[in-house]
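Notes to accompany the following structure.
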2 protein chains.
Amino acid sequence: MTTVPPPRRVAPTLEAVAAEAGVSRSTVSRVVNGSNQVSPDVEAAVHAAIERLHYIPNRAARSLANNQTMAIALVIPEDTTRFFGDPYFAAIVQGITRGLDESDYVLTLQVAQSHPREKTMRYLAGGNVDGAFVVSHHSGDLFPGSLASSMPVVYGGRPLRPDDPPAYFVDVDNVAAAERGTQYLINKGRTRIATVAGPPDMPAGLDRAAGWSAAMAAAGLSTERIAYGDFSLASGARAMRELLDRFPDLDSVFVASDLMATGAIQVLLERGLSVPGDVAVMGFDDSPAATSGTIQLTTVHQPSEAVGAEMARMMLALLRGEPVEHRRIMETHIVERDSA
Amino acid sequence: MTTVPPPRRVAPTLEAVAAEAGVSRSTVSRVVNGSNQVSPDVEAAVHAAIERLHYIPNRAARSLANNQTMAIALVIPEDTTRFFGDPYFAAIVQGITRGLDESDYVLTLQVAQSHPREKTMRYLAGGNVDGAFVVSHHSGDLFPGSLASSMPVVYGGRPLRPDDPPAYFVDVDNVAAAERGTQYLINKGRTRIATVAGPPDMPAGLDRAAGWSAAMAAAGLSTERIAYGDFSLASGARAMRELLDRFPDLDSVFVASDLMATGAIQVLLERGLSVPGDVAVMGFDDSPAATSGTIQLTTVHQPSEAVGAEMARMMLALLRGEPVEHRRIMETHIVERDSA
DNA sequence: TTGTAGGCGTTATCAG
DNA sequence: CTGATAACGCCTACAA
């Protein structure tokens, strides 16, 4: 049982440093902000004083004075558990924080669960951040363009809604990547290639299904063997069962995520089918899930953490007022392992 | 290619609202802060003005004036990917955000990767937050007591270091919970019960192993069948293999996390052993991982999200200056499913 | 019950 | 190159 001490801090201020160094506040402010208009000796003296007093600038005062919060929101429009259940997002967040490390910006977490999203909007609209990252399974269905007009917004993954006004985002070319993944299966001589697709209301789900479809069509193969999951392991298993029941003749499957692929493989083995012998399976992501199962996944690698880092870079540039291209597409490639 | 508009906001201020409502700033401030010293009609008028102008208080100004940041740090002393790879943490974060929802506090994410943790410390020491949540696999190995003396700190999970000064934390009784889980196996008639323990440098790993050990000893059973993992799925598989190699006679295994249990089961099945027939397996967590595999896990349930919510409640109380007990222990119970 | 006046710690504009 | 001197938007005695 203890009560916290009264809040008022006793941190040294600019003023104190100025006194200590025998100069004016303005001068201290200048050296703190790295102005080059200060004579070397004065600068040294100030630095010494700062050191001695352990001075750290007060963020609130700074914000108030120059109207910048030095904070960026990380908006997650859904349940954290679900969100982070997908290693892809964890990696993106990792990349974002890494990308912001060098800067003075701080990340504030905004979990906008369905209902109280109003609080989030008020927070953002209240000018409490200088920009926002939006990353989600259903990116774009939630954030009015009004937001983007008041501050830089960078999306992780292509927003679902039509591009008006054009949004900033970084993503991979899911269509092309899926096409290539499917082509790999075709090259291996597979012909009855099924797919476990992601939800049709998410860009990644949509695009990967489209890529599979395109590759199949181009090869003159049937595109009827399709089932949907929601990117979770369990849904992958479910979809695989459905596929097996409806198309017992399938000889391979292109799965839209490693997590789902893991579930699919479990079902395959459970039914006594060999992988890749009877059924080859191709994943997507190259997340930790790809190598944590019994069978190492052959999969389409996408640089998730790099996507996050790129988002950070984009945001920083936007914040500096530099011109920035709206979309940044990262490279993917196939990682050959044991499942196909 | 677009450049962002100049940053300066044009948000209405207290002043503007005052003018609009025909009162003074103080009065507006009072109604905004819910003072009861305002006559109903004036209050109504002010509210109307606020509504009309879409006024939102400026956080920086407020912070500056009353020396509170209304922000709480969420400190994660490690790789996000690894951190969120464990559903337990995702759930805790979920609980924290939920618990903070009603309040005006905001969460700032501090990923203190090994090296630049200094930045984090400076940030915290700089008075940029009013408190800090610390949640990690290795909680406690990193944060000097100095931090706790300058602001409320609430840990998720018992800190590893001796309790001086006593830290605030919420956790479950891992020893007792593990004991009960092991006892369940004993009650089922198992006798050669192995364990896949967590890392010995984490409280949860330590305590659960101790619980298993205690239950075994109390029943006069051998405590030699032990292997260690790091709470990841892959490590669970690895440990299970080791166990099988060293103790081919084992008839069950108490695993310190569902994720590891999932890996263990994969290995068991792979080796042609039936679960729970040949080997019963008991998990720990009751996370989504418990029900996402082929075999539904019997496991020790711990209320992860509630832990987070409780952390938030504790923090809020601390921030209000209310007396708060240092440790809050949440209940666990066994969930019977198919693996044991 | 309401208004006045300072101050919170910085930055920015202008003289010197 | 350096130092006054206003803001920045809000809170809070103190007065009225």
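In the structure tokens, chains take the letters A, B, ... in the order shown, each chain's residues start at 1, and ligands count up from 1 in the order shown.
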Given a cut-off of 12 Å, which residues of chain B touch chain D, counting only C-alpha atoms (C1' of nucleotides), written out as a PDB file with N, CA and C atoms, in the first residue's frame?
```
ATOM      1  N   ARG B   8       0.530  23.884 -39.476  1.00  0.00           N
ATOM      2  CA  ARG B   8      -0.263  24.641 -38.505  1.00  0.00           C
ATOM      3  C   ARG B   8      -1.764  24.370 -38.594  1.00  0.00           C
ATOM      4  N   ARG B   9      -2.283  23.935 -37.465  1.00  0.00           N
ATOM      5  CA  ARG B   9      -3.705  23.637 -37.409  1.00  0.00           C
ATOM      6  C   ARG B   9      -4.500  24.914 -37.274  1.00  0.00           C
ATOM      7  N   ALA B  11      -7.432  24.684 -35.516  1.00  0.00           N
ATOM      8  CA  ALA B  11      -8.458  24.230 -34.579  1.00  0.00           C
ATOM      9  C   ALA B  11      -8.910  25.365 -33.666  1.00  0.00           C
ATOM     10  N   PRO B  12     -10.174  25.348 -33.318  1.00  0.00           N
ATOM     11  CA  PRO B  12     -10.709  26.355 -32.401  1.00  0.00           C
ATOM     12  C   PRO B  12     -10.099  26.196 -31.016  1.00  0.00           C
ATOM     13  N   THR B  13      -9.936  27.291 -30.334  1.00  0.00           N
ATOM     14  CA  THR B  13      -9.353  27.249 -28.998  1.00  0.00           C
ATOM     15  C   THR B  13     -10.410  27.572 -27.945  1.00  0.00           C
ATOM     16  N   LEU B  14      -9.992  27.442 -26.732  1.00  0.00           N
ATOM     17  CA  LEU B  14     -10.869  27.804 -25.622  1.00  0.00           C
ATOM     18  C   LEU B  14     -11.397  29.213 -25.833  1.00  0.00           C
ATOM     19  N   GLU B  15     -10.500  30.042 -26.194  1.00  0.00           N
ATOM     20  CA  GLU B  15     -10.790  31.453 -26.463  1.00  0.00           C
ATOM     21  C   GLU B  15     -11.951  31.602 -27.434  1.00  0.00           C
ATOM     22  N   ALA B  16     -11.849  30.879 -28.523  1.00  0.00           N
ATOM     23  CA  ALA B  16     -12.888  30.958 -29.545  1.00  0.00           C
ATOM     24  C   ALA B  16     -14.237  30.523 -28.986  1.00  0.00           C
ATOM     25  N   ARG B  25     -12.854  32.586 -20.808  1.00  0.00           N
ATOM     26  CA  ARG B  25     -12.132  31.328 -20.989  1.00  0.00           C
ATOM     27  C   ARG B  25     -12.259  30.438 -19.758  1.00  0.00           C
ATOM     28  N   SER B  26     -12.133  31.038 -18.601  1.00  0.00           N
ATOM     29  CA  SER B  26     -12.205  30.256 -17.365  1.00  0.00           C
ATOM     30  C   SER B  26     -13.483  29.450 -17.311  1.00  0.00           C
ATOM     31  N   THR B  27     -14.545  30.094 -17.659  1.00  0.00           N
ATOM     32  CA  THR B  27     -15.836  29.412 -17.595  1.00  0.00           C
ATOM     33  C   THR B  27     -15.861  28.222 -18.545  1.00  0.00           C
ATOM     34  N   VAL B  28     -15.388  28.466 -19.739  1.00  0.00           N
ATOM     35  CA  VAL B  28     -15.352  27.355 -20.694  1.00  0.00           C
ATOM     36  C   VAL B  28     -14.486  26.239 -20.136  1.00  0.00           C
ATOM     37  N   SER B  29     -13.347  26.625 -19.618  1.00  0.00           N
ATOM     38  CA  SER B  29     -12.454  25.638 -19.039  1.00  0.00           C
ATOM     39  C   SER B  29     -13.196  24.837 -17.976  1.00  0.00           C
ATOM     40  N   ARG B  30     -13.942  25.518 -17.167  1.00  0.00           N
ATOM     41  CA  ARG B  30     -14.680  24.832 -16.105  1.00  0.00           C
ATOM     42  C   ARG B  30     -15.650  23.806 -16.662  1.00  0.00           C
ATOM     43  N   VAL B  32     -15.621  22.406 -19.532  1.00  0.00           N
ATOM     44  CA  VAL B  32     -14.887  21.337 -20.203  1.00  0.00           C
ATOM     45  C   VAL B  32     -14.373  20.323 -19.186  1.00  0.00           C
ATOM     46  N   ASN B  33     -13.958  20.821 -18.035  1.00  0.00           N
ATOM     47  CA  ASN B  33     -13.419  19.925 -17.029  1.00  0.00           C
ATOM     48  C   ASN B  33     -14.462  19.473 -16.020  1.00  0.00           C
ATOM     49  N   ILE B  56     -12.050  20.763 -29.620  1.00  0.00           N
ATOM     50  CA  ILE B  56     -11.378  19.671 -28.923  1.00  0.00           C
ATOM     51  C   ILE B  56     -10.180  20.249 -28.198  1.00  0.00           C
ATOM     52  N   PRO B  57     -10.097  20.034 -26.894  1.00  0.00           N
ATOM     53  CA  PRO B  57      -9.013  20.626 -26.100  1.00  0.00           C
ATOM     54  C   PRO B  57      -7.646  20.232 -26.643  1.00  0.00           C
ATOM     55  N   ASN B  58      -6.736  21.123 -26.580  1.00  0.00           N
ATOM     56  CA  ASN B  58      -5.368  20.850 -27.020  1.00  0.00           C
ATOM     57  C   ASN B  58      -4.588  20.169 -25.904  1.00  0.00           C
ATOM     58  N   ARG B  59      -4.133  18.982 -26.243  1.00  0.00           N
ATOM     59  CA  ARG B  59      -3.472  18.151 -25.253  1.00  0.00           C
ATOM     60  C   ARG B  59      -2.165  18.752 -24.750  1.00  0.00           C
ATOM     61  N   ALA B  60      -1.405  19.283 -25.651  1.00  0.00           N
ATOM     62  CA  ALA B  60      -0.100  19.836 -25.276  1.00  0.00           C
ATOM     63  C   ALA B  60      -0.272  20.969 -24.273  1.00  0.00           C
ATOM     64  N   ALA B  61      -1.191  21.834 -24.571  1.00  0.00           N
ATOM     65  CA  ALA B  61      -1.418  22.977 -23.687  1.00  0.00           C
ATOM     66  C   ALA B  61      -1.853  22.483 -22.313  1.00  0.00           C
ATOM     67  N   ARG B  62      -2.711  21.524 -22.340  1.00  0.00           N
ATOM     68  CA  ARG B  62      -3.199  20.974 -21.092  1.00  0.00           C
ATOM     69  C   ARG B  62      -2.048  20.364 -20.287  1.00  0.00           C
ATOM     70  N   SER B  63      -1.235  19.589 -20.978  1.00  0.00           N
ATOM     71  CA  SER B  63      -0.099  18.954 -20.319  1.00  0.00           C
ATOM     72  C   SER B  63       0.803  20.001 -19.689  1.00  0.00           C
ATOM     73  N   LEU B  64       1.049  21.006 -20.472  1.00  0.00           N
ATOM     74  CA  LEU B  64       1.953  22.052 -20.011  1.00  0.00           C
ATOM     75  C   LEU B  64       1.399  22.715 -18.755  1.00  0.00           C
ATOM     76  N   ALA B  65       0.119  22.956 -18.776  1.00  0.00           N
ATOM     77  CA  ALA B  65      -0.494  23.669 -17.669  1.00  0.00           C
ATOM     78  C   ALA B  65      -0.569  22.832 -16.393  1.00  0.00           C
ATOM     79  N   ASN B  66      -0.921  21.583 -16.525  1.00  0.00           N
ATOM     80  CA  ASN B  66      -1.087  20.825 -15.287  1.00  0.00           C
ATOM     81  C   ASN B  66      -0.064  19.708 -15.084  1.00  0.00           C
ATOM     82  N   ASN B  67       0.938  19.738 -15.909  1.00  0.00           N
ATOM     83  CA  ASN B  67       2.038  18.798 -15.736  1.00  0.00           C
ATOM     84  C   ASN B  67       1.623  17.323 -15.736  1.00  0.00           C
ATOM     85  N   GLN B  68       0.681  17.001 -16.580  1.00  0.00           N
ATOM     86  CA  GLN B  68       0.325  15.608 -16.790  1.00  0.00           C
ATOM     87  C   GLN B  68       0.289  15.357 -18.292  1.00  0.00           C
TER      88      GLN B  68
END
```
Item to check | Within 7 Å of chain B: residues of chain A, using only C-alpha atoms, as a PyMOL selection string | outcome: chain A and resi 1-4+8+56+59-61+63-64+67+80-81+84-85+87+90-91+94+107-109+126+128+233-234+266+292+294+318+321-326
Written file, previous selection with C-alpha atoms, as a tab-separated table (two decimals), in the first residue's frame:
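And here's selection-v1.tsv as it stands now:
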```
chain	number	residue	atom	x	y	z
A	1	MET	CA	0.00	0.00	0.00
A	2	THR	CA	1.66	3.14	-1.17
A	3	THR	CA	0.42	6.34	-2.64
A	4	VAL	CA	2.23	7.96	-5.50
A	8	ARG	CA	4.67	17.84	-10.25
A	56	ILE	CA	15.62	16.99	-21.18
A	59	ARG	CA	7.69	17.79	-25.04
A	60	ALA	CA	4.42	19.45	-24.19
A	61	ALA	CA	5.92	22.90	-24.20
A	63	SER	CA	4.41	20.94	-29.03
A	64	LEU	CA	2.54	23.94	-27.85
A	67	ASN	CA	2.39	22.95	-33.16
A	80	THR	CA	-5.36	-6.89	-31.03
A	81	THR	CA	-5.47	-10.59	-30.48
A	84	PHE	CA	-1.18	-9.85	-33.82
A	85	GLY	CA	-2.23	-13.43	-34.30
A	87	PRO	CA	2.77	-12.74	-37.78
A	90	ALA	CA	3.76	-8.21	-35.95
A	91	ALA	CA	6.55	-7.96	-38.50
A	94	GLN	CA	8.47	-4.28	-35.96
A	107	LEU	CA	4.22	5.79	-31.74
A	108	THR	CA	0.87	5.88	-30.02
A	109	LEU	CA	-1.25	2.79	-30.22
A	126	GLY	CA	-7.85	16.55	-32.05
A	128	ASN	CA	-2.74	14.85	-31.03
A	233	LEU	CA	-4.82	-21.39	-39.06
A	234	ALA	CA	-8.18	-22.86	-38.17
A	266	GLN	CA	-2.50	-30.67	-40.79
A	292	SER	CA	7.65	-23.92	-37.40
A	294	THR	CA	6.52	-30.45	-39.26
A	318	LEU	CA	5.80	13.25	-45.77
A	321	GLY	CA	7.07	17.98	-46.54
A	322	GLU	CA	9.04	16.18	-49.20
A	323	PRO	CA	7.29	14.91	-52.30
A	324	VAL	CA	6.56	11.22	-52.01
A	325	GLU	CA	5.16	8.71	-54.47
A	326	HIS	CA	1.83	7.32	-53.37
```
Checklist entry - Got a sec to pull out which chain C residues are within 6 Å of chain A, counting only C-alpha atoms (C1' of nucleotides), and send them as a PyMOL selection string? => result chain C and resi 9-11
Item to check | Distance of CA of Gly211 in chain A from CA of Leu273 in chain A, expressed in Å to one decimal place | outcome: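 So the two atoms, CA of Leu273 in chain A and CA of Gly211 in chain A, lie 26.3 Å apart.
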Checklist entry - Between CA of Leu316 in chain A and CA of Arg328 in chain A, what is the distance, to one decimal in Å? => result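 CA of Leu316 in chain A sits 14.3 Å away from CA of Arg328 in chain A.
Picture a line from CA of Ser304 in chain B to CA of Ile265 in chain B; it runs 23.0 Å.
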Next on the checklist: To test your reading of the structure, identify every residue in range 50-223 of chain B that backbone DSSP assigns to strand (DSSP E or B), and report it as a PyMOL selection string.
Outcome noted: chain B and resi 71-76+106-111+131-135+153-156+168-172+193-197
